[in-house]
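Colleague: Quick one: the structure is below, questions incoming.
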Amino acid sequence: KYKLAVDQAHALMVDKIGVKKLITQKFPRIKVARTKRILRNGNLAEIPYTDLPAVLKVSNGTNSTLILEHLWDLETQQLQQVIDGWLARNMTYYREYLYQSVKPEAFIEERIESSLNAPNDYKFFCFDGHVELFLFCTDRYGTAGLRKGFFELDGSFIDLGIAEYSFNGNGGHLELLNQFSDAVKFASQLSRGHKFLRVDVYLEKEDIYFGECTFFDASGFKDYGSLNQRLGMRFAI
């Protein structure tokens, strides 16, 4: 059975506000989206229209991201209820107990400029400095919906036979950007000393943006079919 120590070092890694300072200090060439404002009690009324567009998140949660484009996004009671619900969650039910050590705060950060509806997301699966493979996500907010798939570090598609991870329906080879190798190196360095760490980055133009990191991919619930054994063999308990 694998259980991480609940300590300050691990909590900082999953604190979506605090980890930005860590990345900036240790990896000055890696960019982070600037935190524009921390909302007291998650109150939407504290966001001035001049802060938009922005990305709304919470410091200690998963699946807690909204894009705020226009001033009318701030004027719905339903949205405030969503934020209140995020802040009230008990994350131990999601198998991510480390979040319970992070102060729950709603905040907004700058939106990363992209030619796409959202920058492409590269999720590196790392084992104590070794980057095994990555999950590529694109068109997150596109009309056709999110497309994603697993790839080897050379860009070769990994066919799991699972529709959710079929990428564009027929796999294929992913063209890697110039900064991809630097992103792999960053993920490797950040994961050293950790049995498992998923490191998420956005690659936009020539830049590498840190997204987040987690010790529990998909809260530990996902079944990756033929990948389960491969990833499990890398996991040294």
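So you can find residues: chains in the structure tokens are A, B, ... in the order shown, residues in each start at 1, and ligands are numbered from 1 in order.
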Any chance you could list, as a PyMOL selection string, the residues in region 37-190 of chain A that come up strand (DSSP E or B) when DSSP is run on the backbone?
Modeller: chain A and resi 37-39+54-58+65-68+106-109+121-127+130-138+147-151+157-158+166
Colleague: What lies within 12 Å of Ser101 (chain A) using only C-alpha atoms, ignoring chain neighbours under 4 positions off, as a list of chain:residue names?
Modeller: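 That gives A:Ala5, A:Val6, A:Asp7, A:Gln8, A:Ala9, A:His10, A:Ala11, A:Leu12, A:Met13, A:Val14, A:Asp15, A:Ser59, A:Asn60, A:Gly61, A:Asn90, A:Met91, A:Thr92, A:Glu96, A:Tyr97.
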Colleague: Which one is closest to Ser226 (chain A): A:Ile162, A:Val131, A:Cys137, A:Leu190? Count only C-alpha atoms.
Modeller: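 Checking each candidate against Ser226 (chain A), we get A:Ile162 as the closest.
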Colleague: Could you give me, as an mmCIF file with all heavy atoms, in the first residue's frame, the residues within 10 Å of Ser64 (chain A), counting only C-alpha atoms and dropping anything in the same chain fewer than 3 positions from it?
Modeller:
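This went into out.cif:
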data_model
loop_
_atom_site.group_PDB
_atom_site.id
_atom_site.type_symbol
_atom_site.label_atom_id
_atom_site.label_comp_id
_atom_site.auth_asym_id
_atom_site.auth_seq_id
_atom_site.Cartn_x
_atom_site.Cartn_y
_atom_site.Cartn_z
ATOM 1 N N LEU A 56 -10.176 31.131 -13.532
ATOM 2 C CA LEU A 56 -10.600 30.990 -12.145
ATOM 3 C C LEU A 56 -10.278 29.578 -11.651
ATOM 4 O O LEU A 56 -10.621 28.589 -12.309
ATOM 5 C CB LEU A 56 -12.103 31.251 -12.027
ATOM 6 C CG LEU A 56 -12.764 31.025 -10.667
ATOM 7 C CD1 LEU A 56 -12.247 32.023 -9.644
ATOM 8 C CD2 LEU A 56 -14.280 31.135 -10.801
ATOM 9 N N LYS A 57 -9.602 29.474 -10.499
ATOM 10 C CA LYS A 57 -9.217 28.180 -9.951
ATOM 11 C C LYS A 57 -9.364 28.208 -8.437
ATOM 12 O O LYS A 57 -9.611 29.253 -7.840
ATOM 13 C CB LYS A 57 -7.752 27.855 -10.288
ATOM 14 C CG LYS A 57 -7.453 27.682 -11.761
ATOM 15 C CD LYS A 57 -5.977 27.323 -11.972
ATOM 16 C CE LYS A 57 -5.654 27.069 -13.431
ATOM 17 N NZ LYS A 57 -4.216 26.698 -13.618
ATOM 18 N N VAL A 58 -9.159 27.034 -7.828
ATOM 19 C CA VAL A 58 -9.017 26.961 -6.379
ATOM 20 C C VAL A 58 -7.666 26.337 -6.060
ATOM 21 O O VAL A 58 -7.109 25.563 -6.846
ATOM 22 C CB VAL A 58 -10.145 26.171 -5.692
ATOM 23 C CG1 VAL A 58 -11.462 26.900 -5.827
ATOM 24 C CG2 VAL A 58 -10.251 24.769 -6.237
ATOM 25 N N SER A 59 -7.142 26.673 -4.888
ATOM 26 C CA SER A 59 -5.779 26.287 -4.524
ATOM 27 C C SER A 59 -5.621 24.814 -4.221
ATOM 28 O O SER A 59 -4.530 24.261 -4.338
ATOM 29 C CB SER A 59 -5.322 27.103 -3.306
ATOM 30 O OG SER A 59 -6.200 26.887 -2.212
ATOM 31 N N ASN A 60 -6.697 24.150 -3.832
ATOM 32 C CA ASN A 60 -6.550 22.791 -3.300
ATOM 33 C C ASN A 60 -7.547 21.813 -3.895
ATOM 34 O O ASN A 60 -8.134 20.993 -3.200
ATOM 35 C CB ASN A 60 -6.719 22.783 -1.780
ATOM 36 C CG ASN A 60 -8.156 23.031 -1.367
ATOM 37 O OD1 ASN A 60 -8.913 23.684 -2.091
ATOM 38 N ND2 ASN A 60 -8.555 22.488 -0.224
ATOM 39 N N GLY A 61 -7.764 21.873 -5.187
ATOM 40 C CA GLY A 61 -8.765 20.984 -5.751
ATOM 41 C C GLY A 61 -8.402 20.441 -7.109
ATOM 42 O O GLY A 61 -7.389 20.810 -7.704
ATOM 43 N N VAL A 82 -21.031 27.484 -7.557
ATOM 44 C CA VAL A 82 -20.011 26.520 -7.983
ATOM 45 C C VAL A 82 -18.729 26.723 -7.183
ATOM 46 O O VAL A 82 -18.130 25.770 -6.670
ATOM 47 C CB VAL A 82 -19.723 26.660 -9.493
ATOM 48 C CG1 VAL A 82 -18.473 25.868 -9.882
ATOM 49 C CG2 VAL A 82 -20.919 26.184 -10.305
ATOM 50 N N ILE A 83 -18.299 27.968 -7.052
ATOM 51 C CA ILE A 83 -17.076 28.269 -6.305
ATOM 52 C C ILE A 83 -17.230 27.876 -4.836
ATOM 53 O O ILE A 83 -16.327 27.282 -4.239
ATOM 54 C CB ILE A 83 -16.731 29.770 -6.424
ATOM 55 C CG1 ILE A 83 -16.462 30.132 -7.876
ATOM 56 C CG2 ILE A 83 -15.519 30.111 -5.560
ATOM 57 C CD1 ILE A 83 -16.302 31.606 -8.115
ATOM 58 N N TRP A 86 -16.733 24.231 -4.554
ATOM 59 C CA TRP A 86 -15.314 23.864 -4.663
ATOM 60 C C TRP A 86 -14.609 24.026 -3.315
ATOM 61 O O TRP A 86 -13.870 23.155 -2.880
ATOM 62 C CB TRP A 86 -14.624 24.737 -5.694
ATOM 63 C CG TRP A 86 -14.930 24.431 -7.121
ATOM 64 C CD1 TRP A 86 -15.614 23.352 -7.607
ATOM 65 C CD2 TRP A 86 -14.559 25.218 -8.248
ATOM 66 N NE1 TRP A 86 -15.696 23.417 -8.969
ATOM 67 C CE2 TRP A 86 -15.055 24.552 -9.398
ATOM 68 C CE3 TRP A 86 -13.877 26.413 -8.408
ATOM 69 C CZ2 TRP A 86 -14.864 25.055 -10.684
ATOM 70 C CZ3 TRP A 86 -13.674 26.915 -9.687
ATOM 71 C CH2 TRP A 86 -14.168 26.245 -10.820
ATOM 72 N N LEU A 87 -14.836 25.170 -2.691
ATOM 73 C CA LEU A 87 -14.119 25.483 -1.455
ATOM 74 C C LEU A 87 -14.571 24.614 -0.287
ATOM 75 O O LEU A 87 -13.822 24.433 0.677
ATOM 76 C CB LEU A 87 -14.314 26.967 -1.109
ATOM 77 C CG LEU A 87 -13.691 27.962 -2.094
ATOM 78 C CD1 LEU A 87 -14.081 29.385 -1.726
ATOM 79 C CD2 LEU A 87 -12.180 27.820 -2.128
ATOM 80 N N ALA A 106 -9.970 30.550 -3.486
ATOM 81 C CA ALA A 106 -10.271 30.787 -4.896
ATOM 82 C C ALA A 106 -9.382 31.925 -5.383
ATOM 83 O O ALA A 106 -9.128 32.883 -4.656
ATOM 84 C CB ALA A 106 -11.742 31.144 -5.065
#
Colleague: Would you compute the distance between CA of Ala33 (chain A) and CA of Gly211 (chain A)? Give it in Å to one decimal.
Modeller: 8.1 Å
Colleague: Among the residues of chain A, find those DSSP assigns to alpha helix (DSSP H) from the backbone and print them as a ChimeraX atom specification.
Modeller: /A:8-14,18-26,77-88,180-191,227-234
Colleague: Between A:Gln189, A:Ala54, A:Pro119, A:Arg198, which is the closest to Leu135 (chain A) once you count only C-alpha atoms?
Modeller: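 Of A:Gln189, A:Ala54, A:Pro119, A:Arg198, the one nearest Leu135 (chain A), counting only C-alpha atoms, is A:Arg198.
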Colleague: Find the residues near Cys126 (chain A): any atom within 9 Å, counting only C-alpha atoms, skip ones fewer than 5 places away on the same chain, and give them as a compact mmCIF listing (two decimals) with N, CA and C atoms, in the first residue's frame.
Modeller:
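Below is the file that was written, selection-v4.txt:
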# COMPACT_ATOMS: atom_id res chain seq x y z
N VAL A 131 11.05 10.14 -16.88
CA VAL A 131 9.80 10.48 -17.57
C VAL A 131 9.46 9.31 -18.50
N GLU A 132 8.37 8.63 -18.21
CA GLU A 132 8.02 7.41 -18.93
C GLU A 132 7.28 7.70 -20.23
N LEU A 133 6.30 8.60 -20.19
CA LEU A 133 5.46 8.90 -21.34
C LEU A 133 4.67 10.16 -21.02
N PHE A 134 3.79 10.56 -21.93
CA PHE A 134 2.97 11.74 -21.63
C PHE A 134 1.59 11.61 -22.24
N ALA A 187 10.44 18.31 -16.26
CA ALA A 187 9.60 17.33 -15.56
C ALA A 187 10.46 16.32 -14.82
N SER A 188 11.53 15.89 -15.45
CA SER A 188 12.45 14.94 -14.81
C SER A 188 13.04 15.52 -13.54
N SER A 191 10.55 15.94 -10.63
CA SER A 191 10.03 14.69 -10.05
C SER A 191 11.07 13.91 -9.25
N ARG A 192 12.31 14.34 -9.27
CA ARG A 192 13.35 13.59 -8.55
C ARG A 192 13.04 13.53 -7.06
N HIS A 194 10.64 11.66 -5.88
CA HIS A 194 9.23 11.29 -5.72
C HIS A 194 8.97 9.99 -6.47
N LYS A 195 8.33 9.05 -5.82
CA LYS A 195 8.05 7.76 -6.47
C LYS A 195 7.21 7.95 -7.72
N PHE A 196 6.26 8.85 -7.65
CA PHE A 196 5.47 9.21 -8.84
C PHE A 196 5.07 10.67 -8.74
N LEU A 197 5.15 11.35 -9.86
CA LEU A 197 4.67 12.73 -9.95
C LEU A 197 4.24 12.97 -11.38
N ARG A 198 3.02 13.46 -11.55
CA ARG A 198 2.59 13.89 -12.89
C ARG A 198 2.83 15.39 -13.00
N VAL A 199 3.59 15.78 -13.98
CA VAL A 199 3.96 17.17 -14.18
C VAL A 199 3.28 17.68 -15.44
Colleague: Ranking A:Ala118, A:Met233, A:Ala88, A:Ile112 by minimum distance to Asp139 (chain A) and counting only C-alpha atoms, which one comes first?
Modeller: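 The closest residue to Asp139 (chain A) is A:Ala118.
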Colleague: Just the residues within 12 Å of Leu174 (chain A), please, counting only C-alpha atoms, with nothing from its chain fewer than 4 positions along; format it as a PyMOL selection string.
Modeller: chain A and resi 122+134-138+148-158+167-168+170+180
Colleague: Include N, CA and C atoms and write out the residues we just selected as a PDB file, in the first residue's frame.
Modeller:
ATOM      1  N   TYR A 122       0.482  19.106 -21.894  1.00  0.00           N
ATOM      2  CA  TYR A 122       1.330  17.910 -21.885  1.00  0.00           C
ATOM      3  C   TYR A 122       1.458  17.446 -20.441  1.00  0.00           C
ATOM      4  N   PHE A 134       3.791  10.563 -21.926  1.00  0.00           N
ATOM      5  CA  PHE A 134       2.974  11.744 -21.628  1.00  0.00           C
ATOM      6  C   PHE A 134       1.591  11.613 -22.243  1.00  0.00           C
ATOM      7  N   LEU A 135       0.651  12.288 -21.602  1.00  0.00           N
ATOM      8  CA  LEU A 135      -0.716  12.404 -22.094  1.00  0.00           C
ATOM      9  C   LEU A 135      -0.856  13.781 -22.739  1.00  0.00           C
ATOM     10  N   PHE A 136      -1.272  13.806 -23.995  1.00  0.00           N
ATOM     11  CA  PHE A 136      -1.412  15.059 -24.733  1.00  0.00           C
ATOM     12  C   PHE A 136      -2.888  15.409 -24.841  1.00  0.00           C
ATOM     13  N   CYS A 137      -3.240  16.645 -24.445  1.00  0.00           N
ATOM     14  CA  CYS A 137      -4.624  17.104 -24.475  1.00  0.00           C
ATOM     15  C   CYS A 137      -4.728  18.365 -25.317  1.00  0.00           C
ATOM     16  N   THR A 138      -5.684  18.404 -26.224  1.00  0.00           N
ATOM     17  CA  THR A 138      -5.855  19.565 -27.088  1.00  0.00           C
ATOM     18  C   THR A 138      -7.343  19.840 -27.306  1.00  0.00           C
ATOM     19  N   LYS A 148      -7.579  13.695 -26.606  1.00  0.00           N
ATOM     20  CA  LYS A 148      -6.385  13.357 -25.843  1.00  0.00           C
ATOM     21  C   LYS A 148      -5.908  11.950 -26.170  1.00  0.00           C
ATOM     22  N   GLY A 149      -4.619  11.739 -25.924  1.00  0.00           N
ATOM     23  CA  GLY A 149      -4.034  10.438 -26.183  1.00  0.00           C
ATOM     24  C   GLY A 149      -2.673  10.344 -25.530  1.00  0.00           C
ATOM     25  N   PHE A 150      -2.237   9.109 -25.289  1.00  0.00           N
ATOM     26  CA  PHE A 150      -0.924   8.867 -24.701  1.00  0.00           C
ATOM     27  C   PHE A 150       0.119   8.707 -25.805  1.00  0.00           C
ATOM     28  N   PHE A 151       1.321   9.238 -25.513  1.00  0.00           N
ATOM     29  CA  PHE A 151       2.398   9.200 -26.499  1.00  0.00           C
ATOM     30  C   PHE A 151       3.719   8.854 -25.835  1.00  0.00           C
ATOM     31  N   GLU A 152       4.582   8.197 -26.625  1.00  0.00           N
ATOM     32  CA  GLU A 152       5.959   7.999 -26.204  1.00  0.00           C
ATOM     33  C   GLU A 152       6.696   9.325 -26.327  1.00  0.00           C
ATOM     34  N   LEU A 153       7.876   9.408 -25.748  1.00  0.00           N
ATOM     35  CA  LEU A 153       8.623  10.668 -25.769  1.00  0.00           C
ATOM     36  C   LEU A 153       9.125  11.030 -27.161  1.00  0.00           C
ATOM     37  N   ASP A 154       9.075  10.079 -28.106  1.00  0.00           N
ATOM     38  CA  ASP A 154       9.448  10.411 -29.484  1.00  0.00           C
ATOM     39  C   ASP A 154       8.240  10.834 -30.314  1.00  0.00           C
ATOM     40  N   GLY A 155       7.065  10.930 -29.666  1.00  0.00           N
ATOM     41  CA  GLY A 155       5.858  11.365 -30.351  1.00  0.00           C
ATOM     42  C   GLY A 155       5.021  10.241 -30.924  1.00  0.00           C
ATOM     43  N   SER A 156       5.422   8.983 -30.705  1.00  0.00           N
ATOM     44  CA  SER A 156       4.650   7.849 -31.209  1.00  0.00           C
ATOM     45  C   SER A 156       3.393   7.642 -30.370  1.00  0.00           C
ATOM     46  N   PHE A 157       2.272   7.451 -31.053  1.00  0.00           N
ATOM     47  CA  PHE A 157       0.990   7.256 -30.376  1.00  0.00           C
ATOM     48  C   PHE A 157       0.942   5.891 -29.708  1.00  0.00           C
ATOM     49  N   ILE A 158       0.394   5.839 -28.497  1.00  0.00           N
ATOM     50  CA  ILE A 158       0.211   4.584 -27.767  1.00  0.00           C
ATOM     51  C   ILE A 158      -1.269   4.220 -27.842  1.00  0.00           C
ATOM     52  N   PHE A 167      -7.207  10.001 -29.238  1.00  0.00           N
ATOM     53  CA  PHE A 167      -6.721  11.266 -29.786  1.00  0.00           C
ATOM     54  C   PHE A 167      -7.607  11.733 -30.930  1.00  0.00           C
ATOM     55  N   ASN A 168      -7.218  11.481 -32.180  1.00  0.00           N
ATOM     56  CA  ASN A 168      -8.052  11.943 -33.296  1.00  0.00           C
ATOM     57  C   ASN A 168      -8.735  10.783 -34.014  1.00  0.00           C
ATOM     58  N   ASN A 170      -7.458   7.946 -35.051  1.00  0.00           N
ATOM     59  CA  ASN A 170      -6.576   6.994 -35.722  1.00  0.00           C
ATOM     60  C   ASN A 170      -5.130   7.117 -35.236  1.00  0.00           C
ATOM     61  N   PHE A 180      10.151  20.916 -26.573  1.00  0.00           N
ATOM     62  CA  PHE A 180       9.654  19.699 -25.936  1.00  0.00           C
ATOM     63  C   PHE A 180      10.722  19.016 -25.084  1.00  0.00           C
TER      64      PHE A 180
END
Colleague: Leaving out region 36-51 of chain A and any residue of its chain fewer than 2 positions from it, which residues lie within 8 Å of it when counting only C-alpha atoms, given as a PyMOL selection string?
Modeller: chain A and resi 34+53-54+70-71+74+80+83-84+87+105-110
Colleague: Would you mind reading off the distance between CA of Phe210 (chain A) and CA of Asn228 (chain A), one decimal, in Å?
Modeller: 26.1 Å
Colleague: Would you work out the distance separating CA of Tyr141 (chain A) from CA of Phe125 (chain A), expressed in Å to one decimal?
Modeller: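 Separation between CA of Tyr141 (chain A) and CA of Phe125 (chain A): 23.4 Å.
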Colleague: Here is a test: counting only C-alpha atoms, which residue of A:Phe127, A:Glu175, A:Tyr224, A:Ala183 is nearest to Ala163 (chain A)?
Modeller: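 The answer is A:Tyr224, which sits nearest to Ala163 (chain A).
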Colleague: Return the single residue from A:Val102, A:Leu79, A:Val184, A:Val201 that is closest to Lys16 (chain A), with distances computed using only C-alpha atoms.
Modeller: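 Nearest candidate to Lys16 (chain A) out of A:Val102, A:Leu79, A:Val184, A:Val201: A:Val102.
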